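Note: the block below is run31.cif and it holds mmCIF, C-alpha atoms.
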```cif
data_data
#
loop_
_atom_site.label_atom_id
_atom_site.label_comp_id
_atom_site.auth_asym_id
_atom_site.auth_seq_id
_atom_site.Cartn_x
_atom_site.Cartn_y
_atom_site.Cartn_z
CA MET A 21 126.10 159.18 0.40
CA ALA A 22 125.54 160.10 4.06
CA ASP A 23 122.03 159.90 5.45
CA VAL A 24 120.01 163.09 5.58
CA THR A 25 119.91 164.60 9.07
CA LYS A 26 117.16 166.42 10.93
CA GLU A 27 119.38 169.50 11.20
CA GLU A 28 119.84 169.63 7.40
CA VAL A 29 116.08 169.37 6.88
CA LEU A 30 115.39 172.19 9.38
CA ALA A 31 118.10 174.36 7.75
CA VAL A 32 116.36 174.00 4.38
CA LEU A 33 112.90 174.57 5.89
CA ALA A 34 114.15 177.79 7.50
CA LYS A 35 113.99 179.27 3.98
CA VAL A 36 110.24 178.60 3.71
CA ARG A 37 108.29 181.73 4.63
CA GLY A 38 105.43 181.53 7.08
CA PRO A 39 101.87 182.55 6.21
CA ASP A 40 101.63 186.29 5.41
CA LEU A 41 105.44 186.13 4.92
CA GLU A 42 106.06 186.75 8.62
CA GLY A 43 109.30 184.98 9.47
CA ASP A 44 110.03 181.39 8.46
CA ILE A 45 108.10 178.28 9.50
CA VAL A 46 110.95 176.93 11.66
CA SER A 47 111.63 180.06 13.73
CA ARG A 48 107.86 180.47 14.22
CA GLY A 49 107.74 176.99 15.77
CA MET A 50 105.31 175.64 13.16
CA VAL A 51 107.32 172.53 12.27
CA SER A 52 106.75 169.40 14.38
CA ASP A 53 109.50 166.98 15.26
CA VAL A 54 111.14 165.84 12.01
CA PHE A 55 111.19 162.07 11.62
CA ILE A 56 113.46 160.42 9.03
CA SER A 57 113.25 156.77 8.00
CA ASP A 58 115.11 155.24 5.06
CA ASN A 59 115.91 158.82 3.86
CA LYS A 60 112.20 159.60 3.66
CA VAL A 61 111.27 162.67 5.70
CA TYR A 62 108.03 162.99 7.69
CA PHE A 63 106.82 166.06 9.59
CA SER A 64 103.78 168.26 10.02
CA ILE A 65 103.25 172.04 9.97
CA THR A 66 100.89 173.43 12.59
CA VAL A 67 98.56 176.13 11.28
CA PRO A 68 95.40 177.81 12.64
CA ALA A 69 92.42 175.52 12.06
CA ALA A 70 90.44 178.25 10.33
CA ARG A 71 93.17 178.67 7.70
CA ALA A 72 94.07 175.03 7.04
CA ASN A 73 92.61 174.95 3.52
CA GLU A 74 94.09 178.26 2.33
CA LEU A 75 97.56 177.27 3.62
CA GLU A 76 97.76 174.11 1.49
CA PRO A 77 100.33 175.89 -0.83
CA LEU A 78 102.59 176.30 2.23
CA ARG A 79 102.50 172.51 2.78
CA VAL A 80 103.24 171.90 -0.91
CA ALA A 81 106.17 174.35 -0.83
CA ALA A 82 107.68 172.71 2.27
CA GLU A 83 107.27 169.22 0.76
CA ARG A 84 108.82 170.31 -2.55
CA THR A 85 111.75 172.02 -0.77
CA VAL A 86 112.59 168.89 1.24
CA LYS A 87 112.14 166.52 -1.72
CA ALA A 88 114.69 168.60 -3.67
CA MET A 89 117.40 167.95 -1.05
CA PRO A 90 120.22 165.65 -2.21
CA GLY A 91 119.82 162.18 -0.71
CA VAL A 92 116.11 162.58 0.14
CA LYS A 93 114.03 159.75 -1.31
CA GLY A 94 110.64 161.22 -0.47
CA ALA A 95 108.76 163.49 1.90
CA LEU A 96 105.36 163.33 3.58
CA VAL A 97 104.27 166.67 4.97
CA THR A 98 100.86 167.22 6.52
CA LEU A 99 99.11 170.29 7.87
CA THR A 100 98.00 169.96 11.48
CA ALA A 101 95.12 172.22 12.37
CA ASP A 102 95.66 173.90 15.70
CA ARG A 103 92.93 175.36 17.84
CA LYS A 104 93.99 176.54 21.25
CA ALA A 105 92.42 174.28 23.86
CA GLY A 106 89.23 175.80 25.20
CA SER A 107 88.95 178.49 22.55
CA ALA A 108 85.76 178.86 20.58
CA PRO A 109 85.73 177.37 17.11
CA PRO A 110 86.33 179.96 14.39
CA PRO A 111 83.09 181.41 13.03
CA ARG A 112 81.88 180.00 9.73
CA PRO A 113 80.33 182.74 7.63
CA GLN A 114 78.80 180.27 5.16
CA PRO A 115 78.71 176.50 4.64
CA ALA A 116 82.03 175.40 3.21
CA ALA A 117 81.87 174.36 -0.43
CA PRO A 118 83.27 170.88 -1.04
CA ALA A 119 86.99 171.11 -1.63
CA ALA A 120 88.26 170.16 -5.07
CA HIS A 121 89.99 167.14 -3.55
CA SER A 122 87.27 166.07 -1.19
CA HIS A 123 88.83 162.69 -0.57
CA GLY A 124 89.73 164.39 2.70
CA HIS A 125 93.34 165.37 3.31
CA ALA A 126 94.61 164.71 6.78
CA HIS A 127 94.84 168.44 7.38
CA ASP A 128 91.08 168.89 7.07
CA HIS A 129 90.62 167.76 10.66
CA GLY A 130 90.27 169.79 13.80
CA HIS A 131 87.28 171.90 12.84
CA SER A 132 83.99 170.08 12.74
CA HIS A 133 81.20 172.09 14.36
CA PRO A 134 77.65 171.15 15.27
CA PRO A 135 75.19 172.09 12.55
CA GLN A 136 73.03 175.14 13.21
CA GLY A 137 70.38 174.48 15.79
CA GLN A 138 72.07 171.38 17.19
CA GLN A 139 72.08 171.23 20.95
CA PRO A 140 75.44 170.87 22.69
CA GLY A 141 75.95 167.32 23.91
CA GLN A 142 74.17 165.77 20.94
CA PRO A 143 76.40 163.42 18.98
CA PRO A 144 77.82 165.39 16.03
CA GLN A 145 77.57 162.21 13.92
CA ARG A 146 76.42 163.82 10.70
CA GLU A 147 79.29 166.31 10.74
CA LYS A 148 82.01 163.64 10.56
CA PRO A 149 82.83 162.99 6.93
CA GLY A 150 82.58 159.32 6.01
CA VAL A 151 84.92 157.52 3.64
CA PRO A 152 83.56 157.31 0.09
CA GLY A 153 82.40 153.78 -0.77
CA VAL A 154 82.82 152.47 2.79
CA GLY A 155 79.65 151.35 4.59
CA ALA A 156 80.23 150.78 8.31
CA ILE A 157 83.50 151.60 10.09
CA ILE A 158 83.96 149.58 13.27
CA ALA A 159 86.71 149.87 15.88
CA VAL A 160 88.23 146.86 17.63
CA ALA A 161 89.67 148.09 20.92
CA SER A 162 90.97 146.91 24.29
CA GLY A 163 91.70 148.63 27.57
CA LYS A 164 95.23 147.20 27.70
CA GLY A 165 97.79 145.40 25.56
CA GLY A 166 98.38 141.66 25.42
CA VAL A 167 94.77 140.53 25.13
CA GLY A 168 95.05 139.38 21.49
CA LYS A 169 93.19 142.36 20.06
CA SER A 170 94.95 142.43 16.66
CA THR A 171 94.52 138.68 16.17
CA THR A 172 90.83 139.15 17.01
CA ALA A 173 90.52 142.13 14.62
CA VAL A 174 92.08 140.24 11.69
CA ASN A 175 90.02 137.07 12.25
CA LEU A 176 86.86 139.15 12.76
CA ALA A 177 87.54 140.90 9.42
CA LEU A 178 88.10 137.52 7.74
CA GLY A 179 84.95 136.18 9.46
CA LEU A 180 82.86 139.08 8.11
CA GLN A 181 84.31 138.36 4.68
CA ALA A 182 83.59 134.61 4.99
CA ASN A 183 79.99 135.62 5.77
CA GLY A 184 79.78 137.28 2.34
CA LEU A 185 80.77 140.91 3.01
CA ARG A 186 83.38 143.13 1.33
CA VAL A 187 85.89 143.99 4.04
CA GLY A 188 88.99 146.10 4.64
CA ILE A 189 91.20 146.48 7.71
CA LEU A 190 92.96 149.64 8.90
CA ASP A 191 95.78 149.16 11.40
CA ALA A 192 95.49 152.27 13.57
CA ASP A 193 98.29 151.16 15.90
CA ILE A 194 100.88 153.70 14.74
CA TYR A 195 103.53 152.69 17.28
CA GLY A 196 103.17 148.90 17.09
CA PRO A 197 101.52 147.94 13.80
CA SER A 198 100.95 144.18 13.65
CA VAL A 199 98.56 143.76 10.70
CA PRO A 200 101.40 143.39 8.12
CA ARG A 201 102.75 140.38 10.04
CA LEU A 202 99.32 138.88 10.80
CA LEU A 203 98.31 139.08 7.13
CA LYS A 204 101.80 138.21 5.84
CA ILE A 205 102.03 141.33 3.65
CA THR A 206 105.37 142.95 2.85
CA GLY A 207 106.40 145.76 0.52
CA ARG A 208 105.27 149.34 0.02
CA PRO A 209 101.85 150.45 -1.23
CA GLN A 210 101.67 152.16 -4.62
CA GLN A 211 100.68 155.78 -4.92
CA ILE A 212 98.12 156.55 -7.60
CA GLU A 213 96.84 159.97 -8.69
CA ASN A 214 96.15 162.83 -6.27
CA ARG A 215 98.37 161.40 -3.50
CA ILE A 216 95.93 158.51 -3.05
CA ILE A 217 97.47 155.22 -1.92
CA LYS A 218 96.37 151.81 -3.14
CA PRO A 219 95.74 149.50 -0.16
CA MET A 220 97.74 146.27 0.16
CA GLU A 221 95.81 143.00 -0.02
CA ASN A 222 95.94 139.39 1.12
CA TYR A 223 93.29 136.70 1.72
CA GLY A 224 90.90 139.04 -0.13
CA LEU A 225 91.18 141.69 2.61
CA LYS A 226 92.23 145.23 1.66
CA ALA A 227 94.67 146.46 4.31
CA MET A 228 96.47 149.65 5.29
CA SER A 229 99.05 150.03 8.06
CA MET A 230 101.88 152.29 9.14
CA GLY A 231 103.92 149.08 9.01
CA PHE A 232 103.80 149.26 5.18
CA LEU A 233 105.22 152.79 5.19
CA VAL A 234 107.89 152.60 7.89
CA ASP A 235 110.43 149.82 8.47
CA GLU A 236 109.57 147.38 11.26
CA GLU A 237 112.68 148.21 13.29
CA THR A 238 112.04 151.97 13.19
CA ALA A 239 111.22 153.44 16.58
CA MET A 240 108.22 155.71 16.14
CA ILE A 241 108.61 158.90 18.15
CA TRP A 242 105.71 160.92 16.82
CA ARG A 243 103.77 163.47 18.78
CA GLY A 244 99.98 163.54 18.99
CA PRO A 245 99.27 165.84 16.02
CA MET A 246 101.49 163.80 13.69
CA VAL A 247 99.84 160.57 14.77
CA GLN A 248 96.42 162.11 14.15
CA SER A 249 97.54 163.34 10.75
CA ALA A 250 99.00 159.99 9.67
CA LEU A 251 95.91 158.16 10.87
CA LEU A 252 93.44 160.31 8.97
CA GLN A 253 95.57 160.03 5.84
CA MET A 254 95.60 156.23 6.07
CA LEU A 255 91.82 156.35 6.40
CA ARG A 256 90.86 159.00 3.87
CA GLU A 257 93.68 158.97 1.30
CA VAL A 258 93.46 155.27 0.47
CA ALA A 259 91.55 153.85 -2.50
CA TRP A 260 89.43 151.45 -0.44
CA GLY A 261 86.88 150.94 -3.23
CA ASP A 262 83.44 149.67 -2.22
CA LEU A 263 83.46 148.02 1.22
CA ASP A 264 80.59 146.90 3.42
CA VAL A 265 82.77 147.09 6.54
CA LEU A 266 86.11 148.65 7.42
CA VAL A 267 87.55 147.09 10.61
CA VAL A 268 89.91 149.42 12.48
CA ASP A 269 92.47 147.71 14.73
CA MET A 270 92.94 150.31 17.48
CA PRO A 271 96.04 150.59 19.67
CA PRO A 272 95.49 149.36 23.23
CA GLY A 273 94.37 151.83 25.87
CA THR A 274 92.54 155.15 25.66
CA GLY A 275 94.92 157.74 24.19
CA ASP A 276 95.25 160.19 21.29
CA VAL A 277 94.51 157.69 18.53
CA GLN A 278 91.29 156.45 20.12
CA LEU A 279 90.01 159.98 20.65
CA THR A 280 90.93 161.03 17.11
CA MET A 281 89.05 158.05 15.70
CA ALA A 282 86.04 158.60 17.95
CA GLN A 283 85.83 162.35 17.32
CA GLN A 284 86.79 162.62 13.64
CA VAL A 285 85.49 159.38 12.12
CA PRO A 286 81.84 158.26 11.86
CA LEU A 287 82.35 154.99 13.74
CA ALA A 288 79.30 152.73 13.44
CA GLY A 289 80.35 150.97 16.64
CA ALA A 290 83.13 149.47 18.74
CA VAL A 291 84.03 145.91 19.71
CA ILE A 292 85.93 145.52 23.00
CA VAL A 293 88.35 142.60 23.40
CA SER A 294 89.08 141.38 26.92
CA THR A 295 90.44 138.31 28.66
CA PRO A 296 88.57 136.65 31.55
CA GLN A 297 90.70 138.01 34.40
CA ASP A 298 89.17 140.74 36.53
CA LEU A 299 92.20 142.96 35.97
CA ALA A 300 91.75 142.90 32.20
CA LEU A 301 88.05 143.58 32.68
CA LEU A 302 88.81 146.68 34.74
CA ASP A 303 90.88 147.88 31.79
CA ALA A 304 88.11 146.92 29.39
CA ARG A 305 85.74 149.11 31.41
CA LYS A 306 87.97 152.13 30.67
CA GLY A 307 87.64 151.48 26.95
CA ILE A 308 83.88 151.02 27.28
CA ALA A 309 83.58 154.26 29.28
CA MET A 310 85.57 156.17 26.65
CA PHE A 311 83.38 155.04 23.73
CA ARG A 312 80.26 155.84 25.74
CA LYS A 313 81.61 159.29 26.49
CA VAL A 314 82.17 160.04 22.81
CA GLU A 315 78.81 158.42 21.96
CA VAL A 316 80.09 155.56 19.81
CA PRO A 317 77.72 152.57 20.05
CA LEU A 318 79.16 149.47 21.73
CA LEU A 319 78.62 146.44 19.52
CA GLY A 320 79.77 144.10 22.28
CA ILE A 321 82.57 142.34 24.14
CA VAL A 322 84.66 139.42 22.89
CA GLU A 323 86.25 137.27 25.60
CA ASN A 324 89.59 136.19 24.15
CA MET A 325 91.78 133.40 25.60
CA SER A 326 88.56 132.44 27.35
CA TYR A 327 89.63 128.86 28.17
CA PHE A 328 92.47 126.54 27.18
CA LEU A 329 91.85 123.62 24.84
CA ALA A 330 94.45 120.87 25.26
CA PRO A 331 95.76 120.01 21.78
CA ASP A 332 96.14 116.29 22.58
CA THR A 333 92.83 115.53 24.34
CA GLY A 334 90.63 118.49 23.37
CA LYS A 335 89.85 118.85 27.11
CA ARG A 336 88.83 122.33 28.25
CA TYR A 337 90.64 124.06 31.15
CA ASP A 338 89.40 127.39 32.55
CA ILE A 339 92.88 128.51 33.50
CA PHE A 340 91.96 132.22 33.82
CA GLY A 341 88.71 131.68 35.65
CA HIS A 342 85.63 131.72 33.47
CA GLY A 343 82.75 133.88 32.37
CA GLY A 344 84.18 137.20 33.55
CA ALA A 345 83.52 139.03 30.30
CA ARG A 346 80.04 137.53 29.83
CA SER A 347 78.89 138.58 33.32
CA GLU A 348 80.51 142.01 32.91
CA ALA A 349 78.69 142.46 29.58
CA GLU A 350 75.36 141.54 31.21
CA ARG A 351 76.04 143.85 34.17
CA ILE A 352 76.58 146.92 31.99
CA GLY A 353 74.05 145.99 29.31
CA VAL A 354 76.47 145.44 26.43
CA PRO A 355 76.03 142.47 24.04
CA PHE A 356 78.33 139.49 24.65
CA LEU A 357 79.73 138.51 21.24
CA GLY A 358 81.43 135.22 22.10
CA GLU A 359 84.34 133.35 23.68
CA VAL A 360 87.51 132.55 21.78
CA PRO A 361 89.57 129.71 23.30
CA LEU A 362 93.30 129.91 23.87
CA THR A 363 94.66 127.38 21.40
CA ILE A 364 98.18 126.84 20.17
CA ASP A 365 96.73 126.69 16.65
CA ILE A 366 95.37 130.28 16.74
CA ARG A 367 98.67 131.63 18.11
CA GLU A 368 100.91 129.73 15.68
CA ARG A 369 98.82 130.61 12.65
CA SER A 370 98.72 134.29 13.70
CA ASP A 371 102.50 134.40 14.12
CA ALA A 372 102.95 132.74 10.70
CA GLY A 373 100.70 135.31 9.00
CA THR A 374 98.12 132.66 8.10
CA PRO A 375 95.13 133.62 10.30
CA VAL A 376 92.98 130.70 11.30
CA VAL A 377 89.79 131.86 9.50
CA ALA A 378 91.70 131.99 6.19
CA SER A 379 93.98 128.97 6.66
CA ASP A 380 91.56 126.54 8.35
CA PRO A 381 88.12 127.86 7.37
CA GLU A 382 86.29 124.65 8.36
CA GLY A 383 87.99 124.34 11.77
CA ALA A 384 86.34 124.96 15.15
CA SER A 385 88.19 128.24 15.77
CA ALA A 386 87.19 129.69 12.39
CA LYS A 387 83.57 128.81 13.14
CA ILE A 388 83.76 130.78 16.43
CA TYR A 389 85.11 133.88 14.65
CA ARG A 390 82.46 133.61 11.91
CA GLU A 391 79.74 133.45 14.59
CA ILE A 392 81.21 136.51 16.34
CA ALA A 393 81.30 138.29 12.96
CA ALA A 394 77.63 137.40 12.37
CA ARG A 395 76.69 138.84 15.79
CA VAL A 396 78.66 142.04 15.10
CA TRP A 397 76.87 142.44 11.76
CA ALA A 398 73.51 141.79 13.42
CA GLU A 399 74.32 144.44 16.04
CA LEU A 400 75.04 146.88 13.22
CA GLY A 401 71.49 146.16 12.11
CA GLY A 402 72.74 144.71 8.86
CA LEU A 403 73.52 148.26 7.77
CA THR A 404 73.39 148.69 4.02
CA PRO A 405 76.48 150.49 2.73
CA ARG A 406 75.85 154.21 2.40
CA PRO A 407 76.12 155.53 -1.16
CA ALA A 408 79.42 157.30 -1.70
CA PRO A 409 79.23 161.07 -2.15
CA ALA A 410 80.11 162.25 -5.65
CA ILE A 411 83.72 163.42 -5.85
CA VAL A 412 84.86 165.96 -8.40
CA PHE A 413 88.54 166.15 -9.27
CA GLU A 414 89.24 169.47 -10.93
#
```

Rendering of file as structure tokens:
Amino acid sequence: MADVTKEEVLAVLAKVRGPDLEGDIVSRGMVSDVFISDNKVYFSITVPAARANELEPLRVAAERTVKAMPGVKGALVTLTADRKAGSAPPPRPQPAAPAAHSHGHAHDHGHSHPPQGQQPGQPPQREKPGVPGVGAIIAVASGKGGVGKSTTAVNLALGLQANGLRVGILDADIYGPSVPRLLKITGRPQQIENRIIKPMENYGLKAMSMGFLVDEETAMIWRGPMVQSALLQMLREVAWGDLDVLVVDMPPGTGDVQLTMAQQVPLAGAVIVSTPQDLALLDARKGIAMFRKVEVPLLGIVENMSYFLAPDTGKRYDIFGHGGARSEAERIGVPFLGEVPLTIDIRERSDAGTPVVASDPEGASAKIYREIAARVWAELGGLTPRPAPAIVFE
């Protein structure tokens, strides 16, 4: 049977009426770019933020319509809340009652407002819904690609776990997910009740990544709202269970994903990964500035590929210069979390999906990551996991 095409999907969606039955959702320009992978169809429907909850039946109808098409294996449709840039948030006549499925659908985003009496400019921390059962959510970020951020994130997560904590990792790099390869996990996650997904697991780490949902070769061509939607679903619609820490491996740079995470998710703090060169540090400063702007605490800087250790002699070579990240951290008053050497061992084990902290726990490199993990946890103030809010499924 021929593969399903975008045109066929749009033709079927043109029969779905818009809200208030005015026209159809395609002609009204509500449907985002349709993305098809392995005959599974992904798209979002843009609706006014104030009406996102009441228009859930519209999302269900669109999803059902597409799933019924011959040749379609599955469909993932999300509502994207749209508020015109610069417009005032819609008034809220009364505090919203908790939704029946308060595990937080991706379409619930886009409308968090400061509580009454809160001054503008104060961090709206308490308004961002947390993830039930998850204590601290920390972002691992870098100003640019190629600094070993994902390897650092995975080994940091394993280091936190080796130090006795319950840990999960969310791969927020929608366009270049590398956690499946680094943790040597293949296959698709199972869906359990209420559209909740069971996270994948290896080395005792619970993991979620776009790489589990979309084939590795697939070119991701999603627009901002779809990325935001997918990200919040991977965070809030996953059965993480009880975790002390959820490590989020951010994409490099300072784009849509970083802002979504910083604005919509109660991040306990951010770890910046940099290499010693001045150029990388300039990029790291952009990441630091962004987190400061959105008032996410900086837990510190990790200097990755800090020096080269010769495998034969164990001699140290500062091939990139030395101490750039440490002095930068001191200059701007951010904790320095540690130096990770450039070793063939770390690279080879990462590529093989056997991260060094899991595969050589007594080795020198694993010890460095465990020490960095201990410093990160100390910076978090040894936060005790927050109790999960009660959830009622009707």

Nearby residues (only C-alpha atoms) at most 10 Å from Gln211 of chain A, same-chain spacing under 5 positions excluded, as a ChimeraX atom specification: /A:216-219,257-259

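Minimum distance to Tyr62 of chain A across A:Ile339, A:Val360, A:Met246, A:Ala309 (counting only C-alpha atoms) occurs at A:Met246.
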
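Among the candidate residues A:Ala398, A:Leu180, A:Phe356, A:Pro286, the one lying nearest to Ala378 of chain A is A:Leu180, with distances computed using all atoms listed in the file.
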
Target residues per the PyMOL selection byres ((chain A and resi 231) around 10), formatted as a PyMOL selection string: chain A and resi 191+193-201+205-208+228-230+232-238

Output check: residues returned by the PyMOL selection byres ((chain A and resi 266) around 10), as a PyMOL selection string: chain A and resi 151+154-159+177+186-190+225-227+255+260+263-265+267-269+287-288

Produce a file of the selected residues containing C-alpha atoms, as an mmCIF file, in the frame of the given file.
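Final output, result-v1.cif:
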```
data_model
loop_
_atom_site.group_PDB
_atom_site.id
_atom_site.type_symbol
_atom_site.label_atom_id
_atom_site.label_comp_id
_atom_site.auth_asym_id
_atom_site.auth_seq_id
_atom_site.Cartn_x
_atom_site.Cartn_y
_atom_site.Cartn_z
ATOM 1 C CA VAL A 151 84.920 157.520 3.640
ATOM 2 C CA VAL A 154 82.820 152.470 2.790
ATOM 3 C CA GLY A 155 79.650 151.350 4.590
ATOM 4 C CA ALA A 156 80.230 150.780 8.310
ATOM 5 C CA ILE A 157 83.500 151.600 10.090
ATOM 6 C CA ILE A 158 83.960 149.580 13.270
ATOM 7 C CA ALA A 159 86.710 149.870 15.880
ATOM 8 C CA ALA A 177 87.540 140.900 9.420
ATOM 9 C CA ARG A 186 83.380 143.130 1.330
ATOM 10 C CA VAL A 187 85.890 143.990 4.040
ATOM 11 C CA GLY A 188 88.990 146.100 4.640
ATOM 12 C CA ILE A 189 91.200 146.480 7.710
ATOM 13 C CA LEU A 190 92.960 149.640 8.900
ATOM 14 C CA LEU A 225 91.180 141.690 2.610
ATOM 15 C CA LYS A 226 92.230 145.230 1.660
ATOM 16 C CA ALA A 227 94.670 146.460 4.310
ATOM 17 C CA LEU A 255 91.820 156.350 6.400
ATOM 18 C CA TRP A 260 89.430 151.450 -0.440
ATOM 19 C CA LEU A 263 83.460 148.020 1.220
ATOM 20 C CA ASP A 264 80.590 146.900 3.420
ATOM 21 C CA VAL A 265 82.770 147.090 6.540
ATOM 22 C CA VAL A 267 87.550 147.090 10.610
ATOM 23 C CA VAL A 268 89.910 149.420 12.480
ATOM 24 C CA ASP A 269 92.470 147.710 14.730
ATOM 25 C CA LEU A 287 82.350 154.990 13.740
ATOM 26 C CA ALA A 288 79.300 152.730 13.440
#
```

Evaluate the PyMOL selection byres ((chain A and resi 294) around 6) and report residues as JSON, numbers by chain: {"A": [293, 295, 323, 324]}

Coordinates-based distance that separates atom CA of Leu302 of chain A from atom CA of Ala384 of chain A (Å, one decimal): 29.4 Å
